[in-house]
Structures are given as C-alpha cells and as structure tokens.
Amino acid sequence: MPATRKLRVHGFCGMETDYNPLELSSMSGFEESSELNGFEGTDVKDMRLEAEAVVNDVLFAVNNMFVSKNLRCADDVAYINVETKEGNRYCLELTEAGLRVVGYAFDQVDDHLQTPYHETVYSLLDMLSPAYREAFGNALLQRLEALKKDGQS
C-alpha cells in the first residue's frame, strides 16, 4: 500500500483541514504543488509557505501585511509584518505553537516580549484590531448574501 501524506488547507474563516491527496484529486481546481513531491509519508512544513497563506487569508482586512524579507525564515519559524486598519504596526512570529506578537514595528523582534500564542491569525487580529473584526464581519456578510442570492436563482 502506498504511503499517504496529509496536506493542510487554509480556508476563508480560519478553518484548517487535513486532507488525503486522494480525496483532493476529486476536488476541482486543486493541483498538488510540485514542491511537495518526494515527501511521501512525512508532514513537511515550511513556515514561509504557511506565512504566505496566512497573509493571503486576511490581507483584505488590514492596511498592509507581508512576510518579512529581513528576518530569518526557516522550516520552523517565519515572521510576518502587519499594519492594522488603525495604523498600528506589529511583527508576528509564526511557529508550530501558533502566532504571537514579537515586536511593535516592522521587522522588530523584542526577545523580552512575552505575548501569548494564538492558534489562528483570526483570533490574533481580532484581539489587536477592532477594525479587522468589522472588515471580517462585513466580508462574511457579503459572502452569505452572495450565497443566498445564488440559492434563489
């Protein structure tokens, strides 16, 4: 029996789901990344790729957000710079433990800062930015309205 691997898929509302690639092959529009080929039976995680996915999920609800090019990214850690709609800047650390604030400016890591980890970027931004919460809620309402409209046609 061939070895299988699981892929983590990020969704709109912060839902992360593990899928077997055989299940994914039946889903339209999904193509397996060539970067994953050759890693049979292992849970390979590149935090830079995870960080890019985080940024893409919530970019609509912040002023600016990008993976740091100045701080070291590795298999186990990546840094994300975010500016909230209120204009506050943060440097976030992404690890297996989750996301946490490590600095109050882009590309700044304060080793003495002891902030809690959040499982999702949604819970972290929800705590940091009331305007994020509003933008996320509005986007969710628009999506629900679109679904309702599609269901009526």
# chains A, B, ... in the order shown; residues from 1 in each chain; ligands from 1
>>> residues_around(residues="A:Leu99", least_positions_apart="3", cutoff="12 Å", atoms="only C-alpha atoms", output="compact mmCIF listing (two decimals) with C-alpha atoms, in the first residue's frame")
# COMPACT_ATOMS: atom_id res chain seq x y z
CA MET A 47 6.80 28.18 7.68
CA GLU A 50 2.42 28.86 5.87
CA ALA A 51 3.09 32.56 6.44
CA VAL A 54 -1.81 33.47 6.44
CA VAL A 77 9.68 29.90 12.09
CA ALA A 78 8.58 32.80 9.90
CA TYR A 79 7.95 36.46 10.60
CA ILE A 80 5.02 38.49 9.31
CA ASN A 81 4.73 42.27 9.37
CA TYR A 90 3.36 44.65 14.54
CA CYS A 91 5.90 41.95 13.83
CA LEU A 92 4.38 38.49 14.25
CA GLU A 93 6.18 35.21 14.77
CA LEU A 94 4.66 32.09 13.21
CA THR A 95 5.71 28.70 14.61
CA GLU A 96 4.07 25.32 15.22
CA VAL A 102 7.15 39.77 18.93
CA THR A 115 2.94 37.65 24.45
CA PRO A 116 0.55 34.72 24.21
CA TYR A 117 0.35 32.43 21.18
CA HIS A 118 -2.84 32.36 19.14
CA GLU A 119 -3.89 29.29 17.18
CA THR A 120 -5.11 31.37 14.24
CA VAL A 121 -4.34 34.73 12.69
CA TYR A 122 -8.05 35.49 13.03
CA SER A 123 -8.01 35.32 16.83
CA LEU A 124 -4.79 37.36 16.99
CA LEU A 125 -6.10 40.12 14.72
>>> residues_around(residues="A:Asn138", least_positions_apart="6", cutoff="10 Å", atoms="only C-alpha atoms", output="VMD selection string")
chain A and resid 61 132 144
>>> residues_around(residues="A:Ala139", least_positions_apart="5", cutoff="12 Å", atoms="only C-alpha atoms", output="list in words")
Phe12, Cys13, Asp57, Val58, Leu59, Phe60, Ala61, Tyr132, Arg133, Glu134, Leu144, Glu145 and Ala146 of chain A
>>> write_last_selection(atoms="all heavy atoms", output="mmCIF file, in the first residue's frame")
data_model
loop_
_atom_site.group_PDB
_atom_site.id
_atom_site.type_symbol
_atom_site.label_atom_id
_atom_site.label_comp_id
_atom_site.auth_asym_id
_atom_site.auth_seq_id
_atom_site.Cartn_x
_atom_site.Cartn_y
_atom_site.Cartn_z
ATOM 1 N N PHE A 12 -11.379 30.312 4.273
ATOM 2 C CA PHE A 12 -11.773 31.696 4.494
ATOM 3 C C PHE A 12 -11.994 32.027 5.962
ATOM 4 O O PHE A 12 -11.578 33.058 6.434
ATOM 5 C CB PHE A 12 -13.049 31.994 3.699
ATOM 6 C CG PHE A 12 -13.603 33.360 3.948
ATOM 7 C CD1 PHE A 12 -12.974 34.483 3.459
ATOM 8 C CD2 PHE A 12 -14.745 33.520 4.695
ATOM 9 C CE1 PHE A 12 -13.480 35.739 3.687
ATOM 10 C CE2 PHE A 12 -15.268 34.767 4.928
ATOM 11 C CZ PHE A 12 -14.642 35.878 4.424
ATOM 12 N N CYS A 13 -12.624 31.176 6.715
ATOM 13 C CA CYS A 13 -12.962 31.501 8.102
ATOM 14 C C CYS A 13 -11.984 30.924 9.094
ATOM 15 O O CYS A 13 -12.316 30.700 10.246
ATOM 16 C CB CYS A 13 -14.367 31.013 8.416
ATOM 17 S SG CYS A 13 -15.618 31.966 7.558
ATOM 18 N N ASP A 57 -4.918 35.039 3.409
ATOM 19 C CA ASP A 57 -6.236 34.864 4.021
ATOM 20 C C ASP A 57 -6.810 36.152 4.590
ATOM 21 O O ASP A 57 -8.023 36.323 4.590
ATOM 22 C CB ASP A 57 -6.165 33.824 5.150
ATOM 23 C CG ASP A 57 -6.479 32.423 4.673
ATOM 24 O OD1 ASP A 57 -6.749 32.231 3.482
ATOM 25 O OD2 ASP A 57 -6.441 31.513 5.518
ATOM 26 N N VAL A 58 -5.984 37.044 5.110
ATOM 27 C CA VAL A 58 -6.519 38.203 5.837
ATOM 28 C C VAL A 58 -6.087 39.552 5.278
ATOM 29 O O VAL A 58 -6.417 40.585 5.855
ATOM 30 C CB VAL A 58 -6.160 38.134 7.341
ATOM 31 C CG1 VAL A 58 -6.820 36.944 7.994
ATOM 32 C CG2 VAL A 58 -4.672 38.121 7.556
ATOM 33 N N LEU A 59 -5.415 39.564 4.168
ATOM 34 C CA LEU A 59 -4.913 40.819 3.600
ATOM 35 C C LEU A 59 -6.040 41.821 3.344
ATOM 36 O O LEU A 59 -5.845 43.033 3.469
ATOM 37 C CB LEU A 59 -4.142 40.533 2.305
ATOM 38 C CG LEU A 59 -3.333 41.669 1.719
ATOM 39 C CD1 LEU A 59 -2.337 42.228 2.724
ATOM 40 C CD2 LEU A 59 -2.606 41.228 0.459
ATOM 41 N N PHE A 60 -7.224 41.328 3.033
ATOM 42 C CA PHE A 60 -8.364 42.195 2.753
ATOM 43 C C PHE A 60 -8.798 43.013 3.977
ATOM 44 O O PHE A 60 -9.479 44.027 3.831
ATOM 45 C CB PHE A 60 -9.563 41.365 2.258
ATOM 46 C CG PHE A 60 -10.194 40.533 3.342
ATOM 47 C CD1 PHE A 60 -11.276 41.026 4.055
ATOM 48 C CD2 PHE A 60 -9.709 39.282 3.654
ATOM 49 C CE1 PHE A 60 -11.855 40.268 5.064
ATOM 50 C CE2 PHE A 60 -10.282 38.517 4.653
ATOM 51 C CZ PHE A 60 -11.357 39.013 5.358
ATOM 52 N N ALA A 61 -8.409 42.607 5.173
ATOM 53 C CA ALA A 61 -8.931 43.218 6.393
ATOM 54 C C ALA A 61 -7.887 44.004 7.184
ATOM 55 O O ALA A 61 -8.119 44.352 8.336
ATOM 56 C CB ALA A 61 -9.555 42.139 7.270
ATOM 57 N N TYR A 132 -10.330 45.298 12.114
ATOM 58 C CA TYR A 132 -10.219 43.991 11.461
ATOM 59 C C TYR A 132 -11.512 43.210 11.679
ATOM 60 O O TYR A 132 -12.069 42.616 10.751
ATOM 61 C CB TYR A 132 -9.031 43.180 12.010
ATOM 62 C CG TYR A 132 -9.167 41.718 11.713
ATOM 63 C CD1 TYR A 132 -8.838 41.213 10.460
ATOM 64 C CD2 TYR A 132 -9.686 40.834 12.649
ATOM 65 C CE1 TYR A 132 -9.013 39.872 10.162
ATOM 66 C CE2 TYR A 132 -9.867 39.501 12.353
ATOM 67 C CZ TYR A 132 -9.530 39.026 11.117
ATOM 68 O OH TYR A 132 -9.721 37.709 10.816
ATOM 69 N N ARG A 133 -11.970 43.202 12.915
ATOM 70 C CA ARG A 133 -13.192 42.483 13.272
ATOM 71 C C ARG A 133 -14.359 42.957 12.404
ATOM 72 O O ARG A 133 -15.130 42.154 11.877
ATOM 73 C CB ARG A 133 -13.485 42.713 14.753
ATOM 74 C CG ARG A 133 -14.434 41.754 15.389
ATOM 75 C CD ARG A 133 -14.559 41.986 16.897
ATOM 76 N NE ARG A 133 -13.270 42.161 17.543
ATOM 77 C CZ ARG A 133 -12.988 43.134 18.398
ATOM 78 N NH1 ARG A 133 -13.901 44.027 18.730
ATOM 79 N NH2 ARG A 133 -11.798 43.227 18.950
ATOM 80 N N GLU A 134 -14.473 44.274 12.230
ATOM 81 C CA GLU A 134 -15.545 44.841 11.413
ATOM 82 C C GLU A 134 -15.387 44.452 9.941
ATOM 83 O O GLU A 134 -16.352 44.049 9.288
ATOM 84 C CB GLU A 134 -15.562 46.362 11.555
ATOM 85 C CG GLU A 134 -16.691 47.026 10.809
ATOM 86 C CD GLU A 134 -16.710 48.534 10.994
ATOM 87 O OE1 GLU A 134 -16.128 49.039 11.977
ATOM 88 O OE2 GLU A 134 -17.295 49.201 10.127
ATOM 89 N N LEU A 144 -22.243 35.621 2.596
ATOM 90 C CA LEU A 144 -23.530 34.995 2.895
ATOM 91 C C LEU A 144 -24.628 35.524 1.981
ATOM 92 O O LEU A 144 -25.480 34.758 1.516
ATOM 93 C CB LEU A 144 -23.900 35.211 4.364
ATOM 94 C CG LEU A 144 -23.063 34.446 5.383
ATOM 95 C CD1 LEU A 144 -23.401 34.894 6.804
ATOM 96 C CD2 LEU A 144 -23.268 32.948 5.238
ATOM 97 N N GLU A 145 -24.620 36.818 1.712
ATOM 98 C CA GLU A 145 -25.604 37.405 0.793
ATOM 99 C C GLU A 145 -25.447 36.823 -0.613
ATOM 100 O O GLU A 145 -26.433 36.535 -1.279
ATOM 101 C CB GLU A 145 -25.473 38.932 0.756
ATOM 102 C CG GLU A 145 -25.995 39.625 1.993
ATOM 103 C CD GLU A 145 -27.501 39.452 2.176
ATOM 104 O OE1 GLU A 145 -28.250 39.452 1.169
ATOM 105 O OE2 GLU A 145 -27.922 39.294 3.333
ATOM 106 N N ALA A 146 -24.197 36.661 -1.049
ATOM 107 C CA ALA A 146 -23.952 36.078 -2.370
ATOM 108 C C ALA A 146 -24.446 34.639 -2.429
ATOM 109 O O ALA A 146 -25.042 34.218 -3.435
ATOM 110 C CB ALA A 146 -22.460 36.141 -2.712
#
>>> closest_residue(among="A:Thr84, A:Gln114, A:Asn64, A:Asn56", to="A:Ser129", atoms="only C-alpha atoms")
A:Thr84
>>> residues_around(residues="A:Asn70", least_positions_apart="4", cutoff="10 Å", atoms="only C-alpha atoms", output="JSON, numbers by chain")
{"A": [79, 106, 107, 108]}
>>> closest_residue(among="A:Leu49, A:Ala135, A:Gln152, A:Leu147", to="A:Asp76", atoms="only C-alpha atoms")
A:Leu49
>>> atom_distance(atom1="atom CA of A:Phe136", atom2="atom CA of A:Ala97")
23.8 Å
>>> atom_distance(atom1="atom CA of A:Asp110", atom2="atom CA of A:Ala53")
24.5 Å
>>> atom_distance(atom1="atom CA of A:Arg89", atom2="atom CA of A:Val67")
13.4 Å
